[in-house]
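Printed here is query_26.txt (compact mmCIF, C-alpha atoms):
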# COMPACT_ATOMS: atom_id res chain seq x y z
CA MET A 1 69.51 10.16 9.20
CA ALA A 2 71.36 7.14 10.56
CA ALA A 3 73.24 6.91 13.83
CA PRO A 4 76.96 7.68 13.75
CA THR A 5 79.20 4.64 13.30
CA GLY A 6 82.97 4.59 13.79
CA GLY A 7 83.26 8.34 14.18
CA THR A 8 81.47 9.13 10.88
CA MET A 9 77.91 10.07 10.16
CA ARG A 10 76.00 8.65 7.17
CA VAL A 11 73.15 10.68 5.77
CA ALA A 12 70.69 9.07 3.32
CA PHE A 13 69.04 11.40 0.83
CA HIS A 14 66.06 10.31 -1.23
CA ARG A 15 64.72 11.92 -4.36
CA PRO A 16 61.68 14.12 -3.67
CA GLY A 17 58.45 12.52 -4.85
CA TRP A 18 59.67 8.93 -4.45
CA ASN A 19 58.34 6.47 -1.93
CA ALA A 20 59.17 2.88 -1.08
CA THR A 21 56.79 1.52 -3.73
CA MET A 22 58.39 3.56 -6.52
CA ARG A 23 61.90 2.62 -5.46
CA ALA A 24 60.97 -1.06 -5.34
CA ALA A 25 59.32 -0.88 -8.78
CA ARG A 26 62.35 0.87 -10.25
CA ALA A 27 64.75 -1.66 -8.73
CA GLY A 28 62.77 -4.57 -10.18
CA LEU A 29 62.69 -3.34 -13.79
CA HIS A 30 66.11 -4.69 -14.79
CA GLY A 31 66.61 -7.73 -17.00
CA LEU A 32 65.60 -9.37 -20.27
CA PHE A 33 62.05 -10.13 -21.40
CA ALA A 34 60.32 -11.12 -24.63
CA VAL A 35 57.30 -9.53 -26.31
CA TYR A 36 55.32 -10.39 -29.41
CA LYS A 37 55.93 -8.23 -32.46
CA PRO A 38 52.92 -8.10 -34.80
CA PRO A 39 53.40 -7.98 -38.58
CA GLY A 40 53.42 -4.52 -40.16
CA ALA A 41 54.88 -2.75 -37.11
CA PRO A 42 58.54 -1.61 -37.13
CA TRP A 43 60.69 -2.91 -34.29
CA SER A 44 61.45 0.66 -33.13
CA VAL A 45 57.73 1.37 -32.69
CA VAL A 46 57.33 -1.78 -30.58
CA ARG A 47 60.28 -0.79 -28.40
CA ASP A 48 58.99 2.78 -27.91
CA THR A 49 55.51 1.47 -27.09
CA VAL A 50 56.88 -0.85 -24.40
CA GLU A 51 58.91 2.01 -22.91
CA MET A 52 55.89 4.32 -22.92
CA GLN A 53 53.69 1.74 -21.19
CA LEU A 54 56.31 1.07 -18.53
CA LEU A 55 56.69 4.77 -17.79
CA LYS A 56 52.92 5.17 -17.69
CA ASP A 57 52.58 2.36 -15.13
CA LEU A 58 55.43 3.70 -13.00
CA ASN A 59 54.00 7.21 -12.94
CA SER A 60 50.54 5.86 -12.06
CA LEU A 61 51.79 4.66 -8.66
CA GLU A 62 50.63 6.57 -5.63
CA ARG A 63 52.89 9.50 -5.00
CA PRO A 64 53.88 10.52 -1.48
CA ALA A 65 52.17 13.43 0.22
CA PRO A 66 53.75 16.80 -0.58
CA ARG A 67 56.23 18.15 1.90
CA GLN A 68 55.07 20.72 4.46
CA HIS A 69 56.85 23.92 5.25
CA VAL A 70 56.22 26.48 7.98
CA ARG A 71 54.94 29.90 7.01
CA PHE A 72 53.97 32.99 9.01
CA LEU A 73 50.62 34.19 7.69
CA PRO A 74 48.96 37.46 8.71
CA ASN A 75 45.68 37.13 10.66
CA THR A 76 43.31 39.66 12.21
CA VAL A 77 42.04 39.21 15.78
CA GLU A 78 39.00 41.02 17.15
CA ARG A 79 39.53 42.49 20.63
CA GLN A 80 37.88 45.10 22.84
CA GLU A 81 40.39 47.70 21.79
CA GLY A 82 39.66 46.91 18.14
CA THR A 83 41.08 44.79 15.38
CA GLU A 84 44.66 43.70 15.80
CA LEU A 85 46.91 42.22 13.10
CA MET A 86 48.91 39.19 14.24
CA MET A 87 51.20 36.61 12.60
CA THR A 88 50.05 33.00 12.80
CA VAL A 89 52.36 30.03 12.36
CA THR A 90 50.87 27.46 9.98
CA LYS A 91 52.01 24.50 7.82
CA VAL A 92 51.19 24.54 4.11
CA PRO A 93 52.13 22.02 1.36
CA MET A 94 54.98 22.90 -0.97
CA LEU A 95 53.81 23.71 -4.46
CA ALA A 96 57.07 22.37 -5.89
CA ASP A 97 55.90 18.81 -5.02
CA HIS A 98 52.58 19.19 -6.83
CA PRO A 99 52.31 16.86 -9.88
CA LEU A 100 51.32 19.75 -12.16
CA VAL A 101 54.49 21.60 -11.16
CA SER A 102 57.09 18.84 -10.85
CA GLY A 103 55.75 16.74 -13.73
CA PRO A 104 56.05 12.94 -13.95
CA VAL A 105 58.61 11.26 -11.72
CA PHE A 106 59.84 8.87 -14.44
CA THR A 107 60.53 10.46 -17.82
CA ARG A 108 62.83 7.93 -19.49
CA TRP A 109 63.66 4.26 -19.16
CA LYS A 110 66.42 2.66 -21.20
CA ILE A 111 65.03 -0.14 -23.38
CA GLY A 112 67.33 -2.00 -25.80
CA ALA A 113 66.52 -4.42 -28.62
CA GLY A 114 68.28 -7.77 -28.84
CA HIS A 115 67.65 -8.36 -32.55
CA ARG A 116 65.84 -6.33 -35.17
CA LEU A 117 62.95 -8.01 -36.94
CA ASP A 118 61.74 -6.93 -40.34
CA LYS A 119 58.66 -4.76 -40.56
CA LYS A 120 56.56 -7.46 -42.22
CA SER A 121 57.77 -10.25 -39.91
CA SER A 122 56.18 -11.26 -36.64
CA GLY A 123 57.34 -13.29 -33.66
CA VAL A 124 59.37 -13.14 -30.47
CA PHE A 125 61.11 -9.83 -29.85
CA VAL A 126 63.72 -9.79 -27.04
CA LEU A 127 64.15 -6.52 -25.15
CA GLY A 128 66.42 -5.42 -22.32
CA ALA A 129 65.47 -2.96 -19.59
CA GLY A 130 67.83 -0.96 -17.39
CA ARG A 131 70.92 -2.93 -16.46
CA GLY A 132 69.61 -5.79 -18.59
CA ASN A 133 70.95 -4.02 -21.70
CA LYS A 134 74.42 -5.25 -20.75
CA LEU A 135 73.15 -8.84 -21.04
CA LEU A 136 72.04 -8.38 -24.65
CA THR A 137 75.63 -8.75 -25.88
CA ASP A 138 76.04 -12.05 -24.00
CA TRP A 139 72.70 -13.24 -25.36
CA GLN A 140 73.75 -12.48 -28.94
CA ASP A 141 77.18 -14.12 -28.48
CA ALA A 142 75.46 -17.33 -27.29
CA HIS A 143 74.13 -17.90 -30.86
CA LEU A 144 70.93 -19.55 -29.72
CA SER A 145 68.96 -21.48 -32.31
CA ARG A 146 66.10 -19.64 -33.98
CA ALA A 147 63.23 -21.04 -36.01
CA TYR A 148 61.62 -19.09 -38.83
CA THR A 149 58.45 -19.86 -40.74
CA VAL A 150 58.34 -18.44 -44.26
CA CYS A 151 55.06 -18.00 -46.14
CA GLY A 152 54.97 -17.28 -49.85
CA LEU A 153 52.86 -17.40 -53.00
CA LEU A 154 53.92 -19.40 -56.03
CA GLY A 155 53.51 -17.98 -59.49
CA LYS A 156 53.42 -14.30 -58.50
CA ALA A 157 56.07 -11.59 -58.30
CA THR A 158 55.60 -8.17 -56.67
CA ASP A 159 57.64 -4.99 -56.66
CA ASP A 160 58.57 -5.25 -52.95
CA PHE A 161 58.74 -9.09 -52.68
CA SER A 162 55.70 -9.20 -50.37
CA ASP A 163 52.18 -10.50 -50.77
CA THR A 164 50.76 -6.99 -50.43
CA GLY A 165 52.95 -5.38 -53.11
CA LYS A 166 52.05 -4.47 -56.65
CA LEU A 167 51.81 -7.49 -58.95
CA ILE A 168 54.36 -7.21 -61.76
CA GLU A 169 54.54 -10.80 -63.07
CA LYS A 170 52.37 -13.90 -63.02
CA THR A 171 53.12 -17.40 -64.27
CA THR A 172 52.25 -21.06 -63.75
CA PHE A 173 53.76 -23.19 -61.00
CA ASP A 174 52.61 -26.71 -61.84
CA HIS A 175 56.23 -27.81 -62.32
CA VAL A 176 57.18 -26.88 -58.74
CA THR A 177 57.30 -29.92 -56.45
CA GLY A 178 58.18 -30.46 -52.82
CA GLU A 179 61.38 -32.28 -53.76
CA LYS A 180 62.64 -29.28 -55.77
CA LEU A 181 61.82 -26.89 -52.96
CA GLU A 182 63.70 -29.03 -50.43
CA ARG A 183 66.69 -29.17 -52.77
CA ILE A 184 66.79 -25.37 -53.15
CA LEU A 185 66.38 -24.84 -49.40
CA ALA A 186 69.25 -27.26 -48.72
CA VAL A 187 71.51 -25.24 -51.03
CA ILE A 188 70.53 -21.98 -49.30
CA GLN A 189 71.08 -23.48 -45.87
CA GLY A 190 74.50 -24.81 -46.88
CA SER A 191 75.63 -21.45 -48.24
CA ASN A 192 74.48 -19.66 -45.08
CA HIS A 193 76.24 -22.22 -42.88
CA LYS A 194 79.43 -21.78 -44.88
CA ALA A 195 79.22 -17.99 -44.53
CA LEU A 196 78.87 -18.32 -40.75
CA LEU A 197 81.98 -20.50 -40.48
CA GLN A 198 84.17 -18.20 -42.55
CA PRO A 199 86.34 -15.78 -40.53
CA PRO A 200 85.61 -12.08 -40.88
CA PRO A 201 87.77 -10.18 -43.38
CA LEU A 202 90.80 -8.41 -41.99
CA PRO A 203 90.56 -4.62 -41.84
CA TYR A 204 92.75 -2.98 -44.45
CA PHE A 205 94.05 0.41 -43.43
CA PHE A 206 95.28 1.14 -46.95
CA PRO A 207 93.27 0.51 -50.11
CA LEU A 208 94.46 -2.35 -52.26
CA ARG A 209 95.56 -1.49 -55.75
CA SER A 210 94.59 -3.86 -58.51
CA TYR A 211 97.01 -4.66 -61.29
CA ARG A 212 95.88 -3.72 -64.75
CA SER A 213 97.87 -4.76 -67.74
CA PRO A 214 98.77 -1.85 -70.02
CA LYS A 215 96.65 -1.46 -73.09
CA GLU A 216 98.46 -2.45 -76.22
CA PRO A 217 98.06 0.05 -79.05
CA PRO A 218 96.68 -1.38 -82.29
CA GLU A 219 99.35 -2.49 -84.73
CA PRO A 220 99.49 -0.57 -87.99
CA GLU A 221 98.09 -2.33 -90.99
CA SER A 222 100.56 -0.87 -93.44
CA SER A 223 104.11 -2.16 -93.80
CA GLN A 224 105.66 1.32 -93.71
CA PRO A 225 108.18 2.03 -90.91
CA LEU A 226 107.03 4.01 -87.89
CA SER A 227 108.51 7.31 -86.89
CA PHE A 228 110.31 7.50 -83.54
CA SER A 229 108.17 10.39 -82.27
CA LYS A 230 105.00 8.29 -82.67
CA SER A 231 106.39 5.07 -81.27
CA ARG A 232 106.12 3.77 -77.72
CA ALA A 233 109.86 4.36 -77.20
CA ASN A 234 109.34 8.11 -77.27
CA PRO A 235 110.30 9.54 -73.83
CA ARG A 236 107.29 11.83 -73.93
CA GLU A 237 104.93 8.86 -74.20
CA TRP A 238 106.71 6.54 -71.74
CA ASN A 239 105.47 6.15 -68.17
CA VAL A 240 105.85 3.67 -65.33
CA GLU A 241 102.34 2.29 -65.62
CA ARG A 242 102.80 1.40 -69.28
CA SER A 243 106.18 -0.23 -68.69
CA MET A 244 105.84 -1.97 -65.30
CA GLY A 245 102.12 -1.91 -64.46
CA SER A 246 99.79 0.14 -62.29
CA ASP A 247 101.19 -1.33 -59.03
CA TYR A 248 104.44 0.60 -59.56
CA GLN A 249 102.79 3.85 -60.55
CA GLN A 250 103.19 6.43 -57.78
CA PRO A 251 101.16 9.61 -57.33
CA THR A 252 102.66 12.85 -58.53
CA TRP A 253 102.83 14.48 -55.10
CA ARG A 254 104.90 11.60 -53.71
CA VAL A 255 107.39 11.71 -56.56
CA ALA A 256 107.69 15.49 -56.29
CA LEU A 257 108.19 15.31 -52.51
CA LEU A 258 110.95 12.70 -52.76
CA SER A 259 112.67 14.66 -55.54
CA MET A 260 112.65 17.87 -53.51
CA LEU A 261 114.02 16.07 -50.45
CA GLY A 262 116.85 14.58 -52.53
CA MET A 263 117.73 17.97 -54.02
CA ALA A 264 117.70 19.58 -50.59
CA LEU A 265 120.05 16.88 -49.28
CA LEU A 266 122.48 17.41 -52.17
CA LEU A 267 122.45 21.21 -51.71
CA TRP A 268 123.13 20.81 -48.00
CA CYS A 269 126.09 18.51 -48.69
CA VAL A 270 127.59 21.01 -51.16
CA LEU A 271 126.97 24.26 -49.28
CA ARG A 272 127.62 23.18 -45.70
CA PRO A 273 130.87 24.39 -44.02
CA GLU A 274 133.90 22.13 -43.95
CA THR A 275 134.46 20.24 -40.69
CA GLU A 276 137.32 18.29 -39.14
CA ILE A 277 135.79 15.02 -40.28
CA ASP A 278 135.87 16.25 -43.89
CA LYS A 279 139.57 17.11 -43.55
CA LEU A 280 140.36 13.68 -42.14
CA LEU A 281 138.40 11.93 -44.88
CA GLU A 282 140.12 13.99 -47.55
CA ALA A 283 143.55 13.23 -46.07
CA ALA A 284 142.71 9.53 -45.86
CA SER A 285 141.63 9.46 -49.49
CA ARG A 286 144.97 11.00 -50.59
CA GLY A 287 147.05 8.73 -48.35
CA ASP A 288 148.43 11.56 -46.19
CA PHE A 289 146.67 10.39 -43.06
CA GLN A 290 149.09 9.12 -40.40
CA GLU A 291 148.19 7.80 -37.05
CA SER A 292 149.40 10.13 -34.33
CA GLU A 293 151.73 8.59 -31.79
CA PRO A 294 150.44 8.50 -28.23
CA GLN A 295 151.79 11.38 -26.24
CA ALA A 296 153.97 10.59 -23.26
CA PRO A 297 152.55 11.51 -19.89
CA PRO A 298 154.00 14.59 -18.23
CA GLY A 299 156.90 14.23 -15.82
CA GLY A 300 156.12 12.82 -12.45
CA GLN A 301 153.15 10.77 -13.70
CA GLU A 302 153.13 7.12 -14.58
CA LYS A 303 150.88 5.22 -16.86
CA PRO A 304 148.09 3.48 -15.02

Any chance you could put this one into structure tokens?
Amino acid sequence: MAAPTGGTMRVAFHRPGWNATMRAARAGLHGLFAVYKPPGAPWSVVRDTVEMQLLKDLNSLERPAPRQHVRFLPNTVERQEGTELMMTVTKVPMLADHPLVSGPVFTRWKIGAGHRLDKKSSGVFVLGAGRGNKLLTDWQDAHLSRAYTVCGLLGKATDDFSDTGKLIEKTTFDHVTGEKLERILAVIQGSNHKALLQPPPLPYFFPLRSYRSPKEPPEPESSQPLSFSKSRANPREWNVERSMGSDYQQPTWRVALLSMLGMALLLWCVLRPETEIDKLLEAASRGDFQESEPQAPPGGQEKP
């Protein structure tokens, strides 16, 4: 408990089971660091292993002594008059601070991955701990240069594109030269560089409809005239998509909704009660509408 300052009192509470060493270790585990990811291990397993080892080291630190609390314990005292039962004041450790009761002090530590390596790849794996996870976004936005070394076998093809997969095809590779490989790698590098420079596609909130030209029915081979009921001019066979294209074809529910709204508007116009505006419009259409002369002010009042 600190001394009062400026009329207020500041009280510092610390978590039970923590000492200065644990607080210092916890305060220092914030930032970015790199580890080596071996081939064949998923990146999530590497991250969980690092987190488990950090928690194991933190919990292995010396824990503070358990807190003491005062208890009144019964005790017998031998006297001349006989045995007398008395209460003795003693200090005993609190069982709540015992490691078997409270468990480990550190149970979780936030570890984030900067980039996800493939299971079969190996190399530098950047991780963030604690408040260092916020720096992972800045580290990714920096677009730092990365170097990759690719190893492969010529003349063999496997089912999972790896050297340990099942062999499905085998051929000769005497025609492959270093110049051809460099040419192919240059094309791949150019396409990847072009993809990085292209802006991201704009998000479309509504799906785009593609135009499809209407299918033309096959022309009859005979020279006989066609009947109107079987021709394309038949109203039962005509639709918007066939005449104007699929971009103008509207769903049935939208057409039905607009039709019902139009009918409701017409019924309201016919069945609504007549108003003064209707009378004026009707009189104006027949030519009987005359502008009313301004009324004279009552006696004793002048126009402003």

What lies within 10 Å of Ser44 in chain A using all atoms listed in the file, ignoring chain neighbours under 3 positions off, as a short mmCIF file (atom, residue, chain, number, x, y, z; two decimals) with C-alpha atoms, keeping the file's coordinate frame?
data_model
loop_
_atom_site.label_atom_id
_atom_site.label_comp_id
_atom_site.auth_asym_id
_atom_site.auth_seq_id
_atom_site.Cartn_x
_atom_site.Cartn_y
_atom_site.Cartn_z
CA ALA A 41 54.88 -2.75 -37.11
CA ARG A 47 60.28 -0.79 -28.40
CA ASP A 48 58.99 2.78 -27.91
CA THR A 49 55.51 1.47 -27.09
CA VAL A 50 56.88 -0.85 -24.40
CA GLY A 112 67.33 -2.00 -25.80
CA ALA A 113 66.52 -4.42 -28.62
CA ARG A 116 65.84 -6.33 -35.17
CA LEU A 117 62.95 -8.01 -36.94
CA LYS A 119 58.66 -4.76 -40.56
#

Task: CA of Thr21 in chain A to CA of Arg131 in chain A, straight-line distance in Å - done: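 Separation of CA of Arg131 in chain A and CA of Thr21 in chain A: 19.5 Å.
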
Write out as a PDB file with C-alpha atoms, keeping the file's coordinate frame the residues lying within 6 Å of range 24-34 of chain A, counting only C-alpha atoms and excluding same-chain residues fewer than 6 positions away.
ATOM      1  CA  PHE A 125      61.110  -9.830 -29.850  1.00  0.00           C
ATOM      2  CA  VAL A 126      63.720  -9.790 -27.040  1.00  0.00           C
ATOM      3  CA  LEU A 127      64.150  -6.520 -25.150  1.00  0.00           C
ATOM      4  CA  GLY A 128      66.420  -5.420 -22.320  1.00  0.00           C
ATOM      5  CA  ALA A 129      65.470  -2.960 -19.590  1.00  0.00           C
ATOM      6  CA  GLY A 130      67.830  -0.960 -17.390  1.00  0.00           C
ATOM      7  CA  ARG A 131      70.920  -2.930 -16.460  1.00  0.00           C
ATOM      8  CA  GLY A 132      69.610  -5.790 -18.590  1.00  0.00           C
TER       9      GLY A 132
END

- [ ] Rank A:Pro273, A:Gly287, A:Gly40, A:Gly190 by their smallest atom-to-atom distance to Lys120 in chain A, using all atoms listed in the file, and report the top residue only.
- [x]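 Among A:Pro273, A:Gly287, A:Gly40, A:Gly190, it is A:Gly40 that comes nearest to Lys120 in chain A.
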
Task: Interatomic distance, CA of His69 in chain A to CA of Leu95 in chain A (Å, one decimal) - done: 10.2 Å

TODO: With a distance cut-off of 10 Å and all atoms listed in the file, select the neighbouring residues of Asp159 in chain A, excluding the residue or stretch itself and same-chain residues fewer than 5 positions from it, and output the selection as a list in words.
DONE: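 Within the cut-off, the hits are Thr164, Gly165, Lys166, Leu167, Ile168 and Glu169 of chain A.
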
Open item on the list: Taking 6 positions as the minimum chain separation for residues in the same chain, which residues sit within 9 Å of Thr88 in chain A when counting only C-alpha atoms? Answer as an MDAnalysis selection string.
Closed with: chainID A and resid 71:75

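Atom pair CA of Leu55 in chain A / CA of Lys37 in chain A has a distance of 19.6 Å (rounded to one decimal).
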